[in-house]
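**Q** Structure below; questions to follow.
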Amino acid sequence: MKIKMRILGIDYGQARTGIAITDPLNITAQGLETINQNGSDKILLKKIDEILEEYQDIETIVVGMPFNMNGTKSERVKITEEFVHKLKCKYNKIKIETIDERLTTVEAHKTMNFLDVNKHKKKNIVDTISATYILETYLNKMKNSIEKK
């Protein structure tokens, strides 16, 4: 029996980036943290190094792509693609994938409103929640592709 490997989810932003991870069986996604990198991918990549050191069983990194609602590429998509390229160069032994992240931030805000999260705390956790939704979207996509086979 093949042991499943974890998947890391990333909601990339130039100021803040949300990080989420699956459980070892890839059944659930949990938010890890929001990284404040203030425009520095170097800070972000160093933190990802630390996460990969702590969770040595990560085999895939999934990055959310912020397409426009009509599916076209925004300026944010181009910036995110540049970050994905950096990931592929630095972590060439890990599978790097992207997934459409439209509405994940909206869903994250709905969740925080439902849970009555303090408005001052929202800024610090919205990206982590969005990364969790990105990862859940990816897990559902994988599950659906297996069921169709």
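By order of appearance in the structure tokens: chains A, B, ..., then residues from 1 within every chain, and ligands from 1 in the order shown.
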Contacts between range 56-76 of chain A and range 12-41 of chain A, please, where a residue of range 12-41 of chain A counts if it comes within 9 Å (with only C-alpha atoms); show its shortest atom pair and distance in Å to one decimal, rows by chain and ascending number, as CSV.

**A**
```
residue,atom,partner,partner_atom,distance
A:Tyr12,CA,A:Val63,CA,7.0
A:Gly13,CA,A:Arg76,CA,8.5
A:Ile21,CA,A:Ile58,CA,8.7
A:Pro24,CA,A:Asp57,CA,8.1
```

**Q** Identify all residues of chain A in alpha helix (DSSP H) (DSSP on the backbone) and supply them as a PyMOL selection string.

**A** chain A and resi 41-54+75-90+104-114+119-148

**Q** Could you work out how far CA of Ile125 in chain A lies from CA of Lys42 in chain A, giving the answer in Å with one decimal?

**A**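 Result for CA of Lys42 in chain A versus CA of Ile125 in chain A: 21.4 Å, one decimal.
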
**Q** As a count of residues only, please: the residues near Leu25 in chain A (cut-off 12 Å, only C-alpha atoms, same-chain neighbours under 2 positions excluded).

**A** 15

**Q** Where in chain A does DSSP assign strand (DSSP E), given as a ChimeraX atom specification?

**A** /A:6-11,16-22,29-36,58-65,95-100

**Q** What is the distance, in Å and to one decimal place, between CA of Lys86 in chain A and CA of Thr132 in chain A?

**A**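 So the two atoms, CA of Lys86 in chain A and CA of Thr132 in chain A, lie 21.8 Å apart.
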
**Q** Out of A:Glu101, A:Gly18, A:Asn92, A:Thr80, which residue has the shortest atom-to-atom distance to Gln30 in chain A when counting only C-alpha atoms?

**A**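 For Gln30 in chain A, the nearest of the candidates is A:Gly18.
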
**Q** Figure out the distance between CA of Thr111 in chain A and CA of Leu45 in chain A, please, to one decimal in Å.

**A** 28.3 Å
